[in-house]
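Worksheet: the structure to be examined is printed underneath.
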Amino acid sequence: MRFLSLIFTNLLRHRLRALIGVAGIGFGVAAMLAILAIVTGAIGMFERILSNDSHYLVFERNVSDLFFSSVTTGQVRDIRALTQVESAHPLLFGIVSVPGNPVVTCFGIEADDPRLVRGEWRAGSRDTFGKNDGEVYLGARAAEFLHAKFGEMVGIGRGTFKVGGIFKNENGFEDGGVFLPLKDAQAFFHREGVASVVAVKLRDRSQGAVFKAAIEGAHAGVIALENREFSQSYNSFKILNFTAWAVGVCAFFLGGLGVANTMLLSVFGRIREIAVLRVCGFSERQVAALIFGEAALIAAAGLAVGFSIGLLMLGVMERVPQFNGYVQARVEPLVVAGITVTALVTAVVGAIYPARFAARIQPAEALRYE
Amino acid sequence: MNDPIQHRGEIIAAARDVWKSYDRGRISVLQDVNLDVRAGEVVALWGASGSGKSTLLHLLGGLDTPDRGALWVCGLDPCHEASRNELRRRHLGFVFQLHNLIPDLTVEENIRVPALAAGRAKADTAARVRTLTEQVGLSHRIGHRVQDLSGGERQRTAICRALMNAPRLLLADEPTGSLDEQTGESIFALLKQLAASEGVAVVLATHERRFAEACDRLVRVRNGKLSEA
C-alpha cells in the first residue's frame with residue numbers, strides 16, 4: 001500500500017461525501033469554463049471585427065466605449081493620405097432592434113470593406129453594395145432570425161429596408177449583424193460625417209511608430225493603437241474579463257466551502273482512525289498531507305467532471321438557435337490553466353482547517369474511551 | 001548523558017516519579033509511579049478498571065504527558081514531540097482492547113500502515129507481512145477486508161500491525177478484553193509467543209488475573225500506585 005492508495009481508499013470509503021465535494025468543484029469549474037470561454041470568444045469575435053485585415057486601429061481618444069467614438073471624414077482622409085498607409089477602412093457601429101431581437105449590431109462600412117470581400121455570398125453580390133438607395137445587407141444568421149429573403153423588405157429599427165444581399169461570415173457578431181453603406185448608416189444613426197473606428201493596414205508594419213506619431217501629431221483627438229495593444233487596454237474587454245473571472249471565482253468559493261464541509265465531515269467521522277494512524281507513527285505533517293491529498297484528489301475529479309460538463313454546455317450553447325450564433329466559445333490554454341490552479345487552490349484552502357484539526361487530534365483523548 | 005537508564009544495559013523503558021491527573025488535578029490517576037521494563041520480558045499491569053493501567057501505557061507510548069516525573073523508552077523521551085514520532089515508528093507497537101483497524105482496508109494493508117508511516121518501500125515490507133501473518137495463522141486471510149474477519153482474527157491483525165516495524169516494546173492495553181474466553185487465551189498465548197520469537201518486551205494492561213499471573217512479571221496497579229507482586 002502506498003500513501004496515494006490510502007488517500008484513494010479513504011475517498012472510496014466515503015463515496016457520497018466525496019461526490020458532494022467533487023460536485024462542488026465540478027460545478028465551479030463548469031461555470032467558470034463556460035463564462036470565460038463565452039467571454040473570451042466574444043472578445044475574440046469583437047477583436048476580429050476591429051482588426052479586419054489591419055494592423056492599427058484609430059479611434060477617438062479617451063472614449064469609454066467604441067460605440068461613442070467619432071473619427072471624422074476629414075481625419076479618415078488624412079489617414080489615407082499618409083505614405084505609410086496601404087488602406088484604411090472606416091467602420092460605424094450602431095445598435096438596432098428588430099422584433100424578437102432587441103439588440104442587433106449594425107455595421108456602417110464602405111463598399112471595398114474586406115468583410116464584403118471575405119464573405120460567402122448566399123444571395124446578391126457585393127458589387128451592388130451602396131449603389132441602390134434603401135438597401136441593407138444581412139449576415140446569414142441575421143437573415144435567419146429576421147426571416148428575411150433576398151429582395152424582400154425588412155423592418156430594422158424605425159426604418160424599412162430592402163434586402164440587397166445575404167452573406168455568410170465566420171464571425172458570430174458579423175453573421176448576426178446588419179450592414180449598411182457608411183453614408184446610410186451615418187444618416188440612420190444621426191452621426192453624419194463620422195466613423196466609430198478606422199482599421200488601418202500599413203505598407204510596412206515596421207513603420208507603425210512613424211504612422212502613430214504622424215496621425216496623433218496631426219489630430220490630438222484621436223489615438224492609434226496596434227491591434228494587440230488595443231485588446232489589452234480596451235476598458236470594455238478588461239471589464240468583461242474581470243467580471244468573468246470574478247463570477248467564476250465566486251462559483252469556486254462555493255465549491256471551496258463544499259470541499260471544506262466534505263473534509264470536515266470526513267475528519268470528524270474518523271477521529272479514532274486518525275488517532276490510530278498517529279499511534280502507528282504518522283506525524284502531524286503526514287496526517288495533514290493525507291487530508292490535503294484527499295482534497296486535491298477531490299479537486300482533480302471535480303476538474304475532470306467540470307471540464308466535461310463545461311465543454312458539453314458550450315457545445316450545446318453554440319448550437320442553440322436562440323443565441324443567434326453569438327456564442328463562439330474559445331477555450332484558451334491560459335483559461336484552462338487558470339481554472340485548474342483555482343480549483344486546486346480552492347480545494348487546498350478548503351482543507352486547511354480540516355487538516356489542522358486532524359493533525360492536532362490527540363491520540364490519548366481519542367482512544368481513552370474505548 | 002541525558003539517558004542514564006539506557007546505560008544500565010537491558011532496561012528499555014522506565015518511568016521515574018511519574019504523576020498524572022486529569023480535570024486540573026481534581027482526578028489523580030497516577031501517583032509517584034516508578035517502573036523498569038527489561039528487553040524481552042512480559043510485564044503485566046494488573047488492576048481494576050480506572051486504576052491507571054491505560055494511562056501508564058499512554059505515557060510510555062507518548063500518547064499523553066505526565067504532570068511530573070520522567071520517562072525513557074529506547075533512549076528517547078516520549079514527552080518530546082520530536083522523539084514521539086521516532087519512537088512510534090521504530091521502537092513501539094500498540095495493541096488496543098478494540099482492534100482499531102482501518103475499515104475497508106485489507107488485512108495486509110492494515111498491517112502495512114506503520115511501514116507507510118516510516119516511509120518503508122512496499123517491496124521491503126512484503127516479506128515481513130508474510131512472516132507475521134504466518135506466525136499468527138492469518139496468511140489465508142491476508143487479502144480479506146477487516147470487516148470480514150472474526151474478533152480474534154481482527155486482534156491478530158492488530159498484533160501484526162503493532163509488530164510490523166519490529167519494535168522493541170509492545171504496549172498492549174486489555175488486548176483480550178473484548179474477546180471470548182477461548183479467543184482471549186489464544187491471543188494472550190500468541191502475544192507471549194511473539195514476544196519470545198521477536199525478542200520484544202511487552203507491557204500488558206489487564207484486569208484478568210489469570211493472564212497477569214502468566215506473565216514474567218506482575219505489577220499491581222491500585223489507586224494510581226504500583227506494587228510488584
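Chain labels follow the order of the C-alpha cells: the first chain is A, the next B, and so on; residue numbering restarts at 1 in every chain, and ligands are counted from 1 in their shown order.
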### Task
Please determine the contact residues of chain A with respect to chain B at a cut-off of 12 Å, counting only C-alpha atoms, and supply them as a PyMOL selection string.
chain A and resi 1-14+270-287+289-290+361-370
Keeping N, CA and C atoms, export the residues of the selection given above as a CSV table (one decimal), in the first residue's frame.
```
chain,number,residue,atom,x,y,z
A,1,MET,N,0.8,-1.2,0.0
A,1,MET,CA,0.0,0.0,0.0
A,1,MET,C,0.9,1.2,0.0
A,2,ARG,N,0.5,2.2,-0.8
A,2,ARG,CA,1.2,3.5,-0.8
A,2,ARG,C,0.4,4.6,-0.3
A,3,PHE,N,1.0,5.7,0.0
A,3,PHE,CA,0.3,6.8,0.6
A,3,PHE,C,-0.9,7.2,-0.3
A,4,LEU,N,-0.6,7.3,-1.6
A,4,LEU,CA,-1.7,7.7,-2.5
A,4,LEU,C,-2.9,6.7,-2.5
A,5,SER,N,-2.5,5.4,-2.4
A,5,SER,CA,-3.7,4.5,-2.4
A,5,SER,C,-4.5,4.6,-1.1
A,6,LEU,N,-3.8,5.0,0.0
A,6,LEU,CA,-4.6,5.2,1.2
A,6,LEU,C,-5.5,6.4,1.0
A,7,ILE,N,-5.0,7.4,0.4
A,7,ILE,CA,-5.9,8.6,0.1
A,7,ILE,C,-7.1,8.2,-0.8
A,8,PHE,N,-6.8,7.4,-1.8
A,8,PHE,CA,-7.8,7.0,-2.7
A,8,PHE,C,-8.9,6.1,-2.0
A,9,THR,N,-8.3,5.2,-1.2
A,9,THR,CA,-9.2,4.3,-0.4
A,9,THR,C,-10.1,5.1,0.5
A,10,ASN,N,-9.5,6.1,1.2
A,10,ASN,CA,-10.3,6.9,2.1
A,10,ASN,C,-11.5,7.6,1.4
A,11,LEU,N,-11.3,8.1,0.2
A,11,LEU,CA,-12.3,8.7,-0.5
A,11,LEU,C,-13.4,7.7,-1.0
A,12,LEU,N,-12.9,6.5,-1.4
A,12,LEU,CA,-13.9,5.5,-1.8
A,12,LEU,C,-14.8,5.0,-0.6
A,13,ARG,N,-14.2,5.1,0.6
A,13,ARG,CA,-14.9,4.6,1.7
A,13,ARG,C,-16.1,5.6,2.1
A,14,HIS,N,-15.9,6.8,1.7
A,14,HIS,CA,-17.0,7.8,1.9
A,14,HIS,C,-17.4,8.4,0.6
A,270,ARG,N,-13.8,10.2,11.4
A,270,ARG,CA,-12.7,9.2,11.7
A,270,ARG,C,-11.7,9.7,12.6
A,271,ILE,N,-12.1,10.4,13.6
A,271,ILE,CA,-11.2,10.9,14.6
A,271,ILE,C,-10.4,9.7,15.2
A,272,ARG,N,-11.1,8.6,15.6
A,272,ARG,CA,-10.4,7.5,16.2
A,272,ARG,C,-9.4,6.9,15.2
A,273,GLU,N,-9.8,6.8,14.0
A,273,GLU,CA,-8.9,6.2,12.9
A,273,GLU,C,-7.6,7.1,12.8
A,274,ILE,N,-7.8,8.4,12.8
A,274,ILE,CA,-6.6,9.3,12.7
A,274,ILE,C,-5.7,9.1,13.9
A,275,ALA,N,-6.4,8.9,15.1
A,275,ALA,CA,-5.6,8.7,16.3
A,275,ALA,C,-4.8,7.5,16.2
A,276,VAL,N,-5.3,6.4,15.5
A,276,VAL,CA,-4.6,5.2,15.4
A,276,VAL,C,-3.4,5.4,14.4
A,277,LEU,N,-3.7,6.2,13.4
A,277,LEU,CA,-2.5,6.5,12.4
A,277,LEU,C,-1.4,7.2,13.2
A,278,ARG,N,-1.8,8.1,14.1
A,278,ARG,CA,-0.8,8.8,14.9
A,278,ARG,C,0.0,7.8,15.8
A,279,VAL,N,-0.8,6.8,16.3
A,279,VAL,CA,-0.1,5.8,17.2
A,279,VAL,C,0.8,5.0,16.4
A,280,CYS,N,0.4,4.7,15.1
A,280,CYS,CA,1.3,3.9,14.2
A,280,CYS,C,2.5,4.7,13.7
A,281,GLY,N,2.6,5.9,14.1
A,281,GLY,CA,3.8,6.6,13.7
A,281,GLY,C,3.6,7.8,12.7
A,282,PHE,N,2.4,8.0,12.2
A,282,PHE,CA,2.1,9.1,11.3
A,282,PHE,C,2.4,10.4,12.1
A,283,SER,N,3.2,11.3,11.5
A,283,SER,CA,3.4,12.6,12.1
A,283,SER,C,2.3,13.5,11.8
A,284,GLU,N,2.2,14.6,12.5
A,284,GLU,CA,1.2,15.6,12.2
A,284,GLU,C,1.2,16.0,10.7
A,285,ARG,N,2.4,16.1,10.2
A,285,ARG,CA,2.6,16.5,8.8
A,285,ARG,C,2.0,15.5,7.9
A,286,GLN,N,2.2,14.2,8.2
A,286,GLN,CA,1.7,13.1,7.3
A,286,GLN,C,0.2,13.1,7.4
A,287,VAL,N,-0.4,13.3,8.6
A,287,VAL,CA,-1.9,13.3,8.7
A,287,VAL,C,-2.4,14.5,7.9
A,289,ALA,N,-1.0,15.9,5.4
A,289,ALA,CA,-0.8,15.6,3.9
A,289,ALA,C,-1.9,14.6,3.4
A,290,LEU,N,-2.3,13.7,4.3
A,290,LEU,CA,-3.4,12.8,3.9
A,290,LEU,C,-4.7,13.6,3.6
A,361,ILE,N,-5.3,16.1,16.4
A,361,ILE,CA,-6.0,15.1,17.2
A,361,ILE,C,-5.1,14.5,18.2
A,362,GLN,N,-5.4,14.5,19.5
A,362,GLN,CA,-4.6,13.8,20.5
A,362,GLN,C,-5.0,12.4,20.6
A,363,PRO,N,-4.1,11.4,20.3
A,363,PRO,CA,-4.5,10.0,20.3
A,363,PRO,C,-5.0,9.6,21.6
A,364,ALA,N,-4.4,10.0,22.7
A,364,ALA,CA,-4.9,9.6,24.0
A,364,ALA,C,-6.3,10.0,24.3
A,365,GLU,N,-6.6,11.2,23.9
A,365,GLU,CA,-8.0,11.7,24.1
A,365,GLU,C,-9.0,10.9,23.2
A,366,ALA,N,-8.6,10.7,22.0
A,366,ALA,CA,-9.5,10.0,21.0
A,366,ALA,C,-9.6,8.5,21.4
A,367,LEU,N,-8.6,7.9,22.0
A,367,LEU,CA,-8.7,6.4,22.3
A,367,LEU,C,-9.0,6.1,23.8
A,368,ARG,N,-9.1,7.2,24.6
A,368,ARG,CA,-9.3,6.9,26.0
A,368,ARG,C,-10.6,6.1,26.3
A,369,TYR,N,-11.7,6.5,25.6
A,369,TYR,CA,-12.9,5.9,26.0
A,369,TYR,C,-13.3,4.8,25.0
A,370,GLU,N,-12.6,3.7,25.1
A,370,GLU,CA,-12.8,2.5,24.2
A,370,GLU,C,-14.1,1.9,24.5
```
Do you know which residues are at most 12 Å from Leu194 (chain B) counting only C-alpha atoms, after dropping those on the same chain fewer than 3 positions away, and could you put them as an mmCIF file with C-alpha atoms, in the first residue's frame?
```cif
data_model
loop_
_atom_site.group_PDB
_atom_site.id
_atom_site.type_symbol
_atom_site.label_atom_id
_atom_site.label_comp_id
_atom_site.auth_asym_id
_atom_site.auth_seq_id
_atom_site.Cartn_x
_atom_site.Cartn_y
_atom_site.Cartn_z
ATOM 1 C CA GLY B 40 12.270 -9.315 26.105
ATOM 2 C CA GLU B 41 10.221 -9.554 29.307
ATOM 3 C CA VAL B 42 6.436 -9.609 29.503
ATOM 4 C CA THR B 131 6.212 -13.807 8.144
ATOM 5 C CA LEU B 132 3.924 -12.111 10.639
ATOM 6 C CA THR B 133 0.692 -13.381 9.129
ATOM 7 C CA GLU B 134 2.116 -16.903 9.020
ATOM 8 C CA GLN B 135 3.119 -16.642 12.678
ATOM 9 C CA VAL B 136 -0.384 -15.623 13.742
ATOM 10 C CA ARG B 156 -4.344 -10.926 15.493
ATOM 11 C CA ILE B 159 -0.887 -7.549 16.725
ATOM 12 C CA CYS B 160 0.788 -7.991 13.337
ATOM 13 C CA ALA B 162 1.959 -3.475 16.070
ATOM 14 C CA LEU B 163 4.932 -5.695 15.225
ATOM 15 C CA MET B 164 5.321 -4.559 11.610
ATOM 16 C CA ALA B 166 9.947 -4.765 14.578
ATOM 17 C CA PRO B 167 9.561 -2.652 17.727
ATOM 18 C CA ARG B 168 11.481 -3.306 20.928
ATOM 19 C CA LEU B 169 8.495 -2.612 23.142
ATOM 20 C CA LEU B 170 4.868 -3.659 22.656
ATOM 21 C CA ILE B 187 -4.438 -14.122 21.757
ATOM 22 C CA PHE B 188 -2.577 -13.990 25.061
ATOM 23 C CA ALA B 189 -0.605 -17.125 24.150
ATOM 24 C CA LEU B 190 0.180 -15.584 20.793
ATOM 25 C CA LEU B 191 1.441 -12.384 22.380
ATOM 26 C CA SER B 197 10.297 -15.093 18.963
ATOM 27 C CA GLU B 198 10.624 -11.402 18.137
ATOM 28 C CA GLY B 199 12.592 -10.543 21.273
ATOM 29 C CA VAL B 200 10.207 -7.761 22.066
ATOM 30 C CA ALA B 201 9.316 -6.606 25.571
ATOM 31 C CA VAL B 202 5.591 -6.438 26.305
#
```
### Task
For Ala34 (chain A), list every protein, DNA or RNA residue within 10 Å, evaluated using only C-alpha atoms, and leave out those in the same chain fewer than 3 positions away; present the list as a count of residues only.
23
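Using only C-alpha atoms, the smallest distance between any of A:Arg356, A:His147, A:Arg205, A:Lys162 and Asn227 (chain A) comes from A:Arg205.
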### Message
Can you pull out the residues contacting Glu153 (chain B)? Cut-off 10 Å, using only C-alpha atoms, and skip same-chain residues under 2 positions away; I want them as a VMD selection string.
### Response
chain B and resid 99 107 136 to 138 141 146 148 to 151 155 to 159 183 187
Resulting file, chosen residues, C-alpha atoms, as a PDB file, in the first residue's frame:
```
ATOM      1  CA  HIS B  99      -8.596  -3.705  17.361  1.00  0.00           C
ATOM      2  CA  VAL B 107      -5.517  -7.369   6.468  1.00  0.00           C
ATOM      3  CA  VAL B 136      -0.384 -15.623  13.742  1.00  0.00           C
ATOM      4  CA  GLY B 137      -2.140 -18.001  11.338  1.00  0.00           C
ATOM      5  CA  LEU B 138      -3.636 -15.334   9.136  1.00  0.00           C
ATOM      6  CA  ARG B 141      -6.903 -14.096   5.207  1.00  0.00           C
ATOM      7  CA  VAL B 146     -11.128  -6.457   8.140  1.00  0.00           C
ATOM      8  CA  ASP B 148     -14.992  -9.859   7.078  1.00  0.00           C
ATOM      9  CA  LEU B 149     -12.849 -11.132   9.965  1.00  0.00           C
ATOM     10  CA  SER B 150     -13.818 -12.551  13.355  1.00  0.00           C
ATOM     11  CA  GLY B 151     -12.939 -10.710  16.566  1.00  0.00           C
ATOM     12  CA  GLN B 155      -6.988  -8.735  17.092  1.00  0.00           C
ATOM     13  CA  ARG B 156      -4.344 -10.926  15.493  1.00  0.00           C
ATOM     14  CA  THR B 157      -4.212  -8.453  12.601  1.00  0.00           C
ATOM     15  CA  ALA B 158      -3.763  -5.640  15.117  1.00  0.00           C
ATOM     16  CA  ILE B 159      -0.887  -7.549  16.725  1.00  0.00           C
ATOM     17  CA  THR B 183     -10.119 -16.493  21.860  1.00  0.00           C
ATOM     18  CA  ILE B 187      -4.438 -14.122  21.757  1.00  0.00           C
TER      19      ILE B 187
END
```
### Task
Could you find all residues in region 135-277 of chain A that DSSP calls strand (DSSP E or B) from the backbone, and write them as a PyMOL selection string?
chain A and resi 135-139+153-156+159-168+178-181+194-195+197-202+222-226
Let's have the selection written as a JSON list (two decimals), in the first residue's frame, with N, CA and C atoms.
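Below is the file that was written, result05.json:
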```json
[["chain", "number", "residue", "atom", "x", "y", "z"],
["A", 135, "GLU", "N", -31.15, 50.08, -49.26],
["A", 135, "GLU", "CA", -30.84, 48.64, -49.18],
["A", 135, "GLU", "C", -30.03, 48.33, -47.93],
["A", 136, "VAL", "N", -30.25, 47.13, -47.42],
["A", 136, "VAL", "CA", -29.49, 46.65, -46.28],
["A", 136, "VAL", "C", -28.95, 45.26, -46.64],
["A", 137, "TYR", "N", -27.79, 44.94, -46.12],
["A", 137, "TYR", "CA", -27.20, 43.62, -46.38],
["A", 137, "TYR", "C", -27.15, 42.88, -45.04],
["A", 138, "LEU", "N", -27.44, 41.61, -45.11],
["A", 138, "LEU", "CA", -27.59, 40.86, -43.86],
["A", 138, "LEU", "C", -26.56, 39.74, -43.75],
["A", 139, "GLY", "N", -26.10, 39.51, -42.51],
["A", 139, "GLY", "CA", -25.34, 38.30, -42.24],
["A", 139, "GLY", "C", -26.32, 37.13, -42.35],
["A", 153, "MET", "N", -38.59, 43.15, -48.22],
["A", 153, "MET", "CA", -38.48, 44.31, -47.34],
["A", 153, "MET", "C", -38.38, 43.80, -45.90],
["A", 154, "VAL", "N", -37.54, 44.48, -45.12],
["A", 154, "VAL", "CA", -37.36, 44.07, -43.72],
["A", 154, "VAL", "C", -37.34, 45.32, -42.83],
["A", 155, "GLY", "N", -38.02, 45.21, -41.69],
["A", 155, "GLY", "CA", -38.05, 46.34, -40.75],
["A", 155, "GLY", "C", -36.89, 46.26, -39.79],
["A", 156, "ILE", "N", -36.10, 47.33, -39.78],
["A", 156, "ILE", "CA", -34.95, 47.39, -38.86],
["A", 156, "ILE", "C", -35.02, 48.72, -38.15],
["A", 159, "GLY", "N", -36.78, 52.01, -39.43],
["A", 159, "GLY", "CA", -36.83, 52.05, -40.89],
["A", 159, "GLY", "C", -37.21, 50.72, -41.52],
["A", 160, "THR", "N", -37.49, 50.79, -42.82],
["A", 160, "THR", "CA", -37.76, 49.57, -43.58],
["A", 160, "THR", "C", -36.80, 49.57, -44.78],
["A", 161, "PHE", "N", -36.15, 48.44, -44.95],
["A", 161, "PHE", "CA", -35.11, 48.35, -45.99],
["A", 161, "PHE", "C", -35.37, 47.15, -46.89],
["A", 162, "LYS", "N", -34.82, 47.25, -48.09],
["A", 162, "LYS", "CA", -34.86, 46.10, -48.98],
["A", 162, "LYS", "C", -33.58, 45.30, -48.79],
["A", 163, "VAL", "N", -33.70, 43.98, -48.75],
["A", 163, "VAL", "CA", -32.52, 43.13, -48.56],
["A", 163, "VAL", "C", -31.75, 43.07, -49.89],
["A", 164, "GLY", "N", -30.55, 43.71, -49.89],
["A", 164, "GLY", "CA", -29.76, 43.78, -51.12],
["A", 164, "GLY", "C", -28.81, 42.60, -51.27],
["A", 165, "GLY", "N", -28.61, 41.85, -50.18],
["A", 165, "GLY", "CA", -27.69, 40.70, -50.26],
["A", 165, "GLY", "C", -27.60, 40.01, -48.91],
["A", 166, "ILE", "N", -27.23, 38.74, -48.98],
["A", 166, "ILE", "CA", -27.04, 37.96, -47.74],
["A", 166, "ILE", "C", -25.71, 37.23, -47.87],
["A", 167, "PHE", "N", -24.86, 37.37, -46.86],
["A", 167, "PHE", "CA", -23.58, 36.66, -46.93],
["A", 167, "PHE", "C", -23.21, 36.06, -45.58],
["A", 168, "LYS", "N", -22.58, 34.89, -45.69],
["A", 168, "LYS", "CA", -22.15, 34.14, -44.50],
["A", 168, "LYS", "C", -20.81, 34.67, -44.05],
["A", 178, "VAL", "N", -26.32, 43.44, -39.22],
["A", 178, "VAL", "CA", -26.82, 44.02, -40.47],
["A", 178, "VAL", "C", -25.81, 45.06, -40.96],
["A", 179, "PHE", "N", -25.69, 45.18, -42.28],
["A", 179, "PHE", "CA", -24.67, 46.04, -42.87],
["A", 179, "PHE", "C", -25.34, 47.11, -43.74],
["A", 180, "LEU", "N", -24.89, 48.34, -43.49],
["A", 180, "LEU", "CA", -25.40, 49.46, -44.29],
["A", 180, "LEU", "C", -24.21, 50.17, -44.90],
["A", 181, "PRO", "N", -24.40, 50.76, -46.09],
["A", 181, "PRO", "CA", -23.34, 51.63, -46.60],
["A", 181, "PRO", "C", -23.05, 52.71, -45.56],
["A", 194, "VAL", "N", -19.04, 60.95, -39.52],
["A", 194, "VAL", "CA", -18.10, 60.29, -38.59],
["A", 194, "VAL", "C", -18.17, 58.77, -38.71],
["A", 195, "ALA", "N", -17.05, 58.17, -38.30],
["A", 195, "ALA", "CA", -16.99, 56.70, -38.15],
["A", 195, "ALA", "C", -16.60, 56.42, -36.69],
["A", 197, "VAL", "N", -14.51, 53.87, -35.77],
["A", 197, "VAL", "CA", -13.13, 53.41, -35.72],
["A", 197, "VAL", "C", -12.63, 53.27, -37.16],
["A", 198, "VAL", "N", -11.32, 53.41, -37.33],
["A", 198, "VAL", "CA", -10.74, 53.20, -38.66],
["A", 198, "VAL", "C", -9.69, 52.09, -38.55],
["A", 199, "ALA", "N", -9.87, 51.03, -39.34],
["A", 199, "ALA", "CA", -8.91, 49.93, -39.36],
["A", 199, "ALA", "C", -7.87, 50.23, -40.42],
["A", 200, "VAL", "N", -6.61, 50.32, -39.99],
["A", 200, "VAL", "CA", -5.55, 50.78, -40.90],
["A", 200, "VAL", "C", -4.55, 49.66, -41.18],
["A", 201, "LYS", "N", -4.30, 49.43, -42.45],
["A", 201, "LYS", "CA", -3.26, 48.47, -42.84],
["A", 201, "LYS", "C", -2.07, 49.25, -43.38],
["A", 202, "LEU", "N", -0.89, 48.94, -42.86],
["A", 202, "LEU", "CA", 0.30, 49.67, -43.27],
["A", 202, "LEU", "C", 1.00, 48.95, -44.41],
["A", 222, "VAL", "N", -7.47, 61.95, -31.56],
["A", 222, "VAL", "CA", -7.57, 60.52, -31.87],
["A", 222, "VAL", "C", -6.33, 59.78, -31.34],
["A", 223, "ILE", "N", -6.48, 58.51, -31.25],
["A", 223, "ILE", "CA", -5.37, 57.66, -30.78],
["A", 223, "ILE", "C", -5.25, 56.48, -31.74],
["A", 224, "ALA", "N", -4.01, 56.07, -31.99],
["A", 224, "ALA", "CA", -3.78, 54.91, -32.86],
["A", 224, "ALA", "C", -3.11, 53.83, -32.03],
["A", 225, "LEU", "N", -3.73, 52.66, -32.01],
["A", 225, "LEU", "CA", -3.16, 51.55, -31.24],
["A", 225, "LEU", "C", -3.02, 50.32, -32.12],
["A", 226, "GLU", "N", -1.93, 49.60, -31.88],
["A", 226, "GLU", "CA", -1.77, 48.32, -32.56],
["A", 226, "GLU", "C", -2.89, 47.40, -32.08]]
```
### Query
Could you pull the residues within 12 Å of region 210-220 of chain B, counting only C-alpha atoms, minus those fewer than 4 positions along the same chain, as an MDAnalysis selection string?
chainID B and resid 33:48 51:53 56 174:177 181 184:189 191:193 195:196 201:206 224:229
### Task
Please provide the set of residues having any atom within 9 Å of Arg228 (chain A), restricted to only C-alpha atoms, with same-chain residues fewer than 4 positions apart removed, written as a PyMOL selection string.
chain A and resi 47+55-56+232-233
Write the selection just made, keeping C-alpha atoms, as an mmCIF file, in the first residue's frame?
```
data_model
loop_
_atom_site.group_PDB
_atom_site.id
_atom_site.type_symbol
_atom_site.label_atom_id
_atom_site.label_comp_id
_atom_site.auth_asym_id
_atom_site.auth_seq_id
_atom_site.Cartn_x
_atom_site.Cartn_y
_atom_site.Cartn_z
ATOM 1 C CA GLU A 47 -11.250 41.838 -31.912
ATOM 2 C CA HIS A 55 -2.500 46.499 -38.210
ATOM 3 C CA TYR A 56 -3.701 49.607 -36.369
ATOM 4 C CA GLN A 232 -5.010 44.662 -23.810
ATOM 5 C CA SER A 233 -6.025 48.213 -22.992
#
```
### Surrounding residues of Arg68 (chain B) excluding itself and chain neighbours under 3 positions, 9 Å, only C-alpha atoms, as a count of residues only
6
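With CA of Val305 (chain A) on one side and CA of Gly26 (chain A) on the other, the separation reads 5.4 Å.
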### Query
Looking at only C-alpha atoms, which of A:Cys250, A:Arg77, A:Ile25, A:Glu170 is the one that sits closest to Ala304 (chain A)?
A:Ile25
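Note that CA of Ala15 (chain B) and CA of Leu71 (chain B) are 4.6 Å apart.
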### Task
Would you list, as a ChimeraX atom specification, the residues of region 44-276 of chain A that end up in helix (DSSP H, G or I) under DSSP run on this structure's backbone?
/A:44-51,66-68,73-81,114-118,126-128,140-145,172-175,182-188,205-218,227-233,235-268,271-276
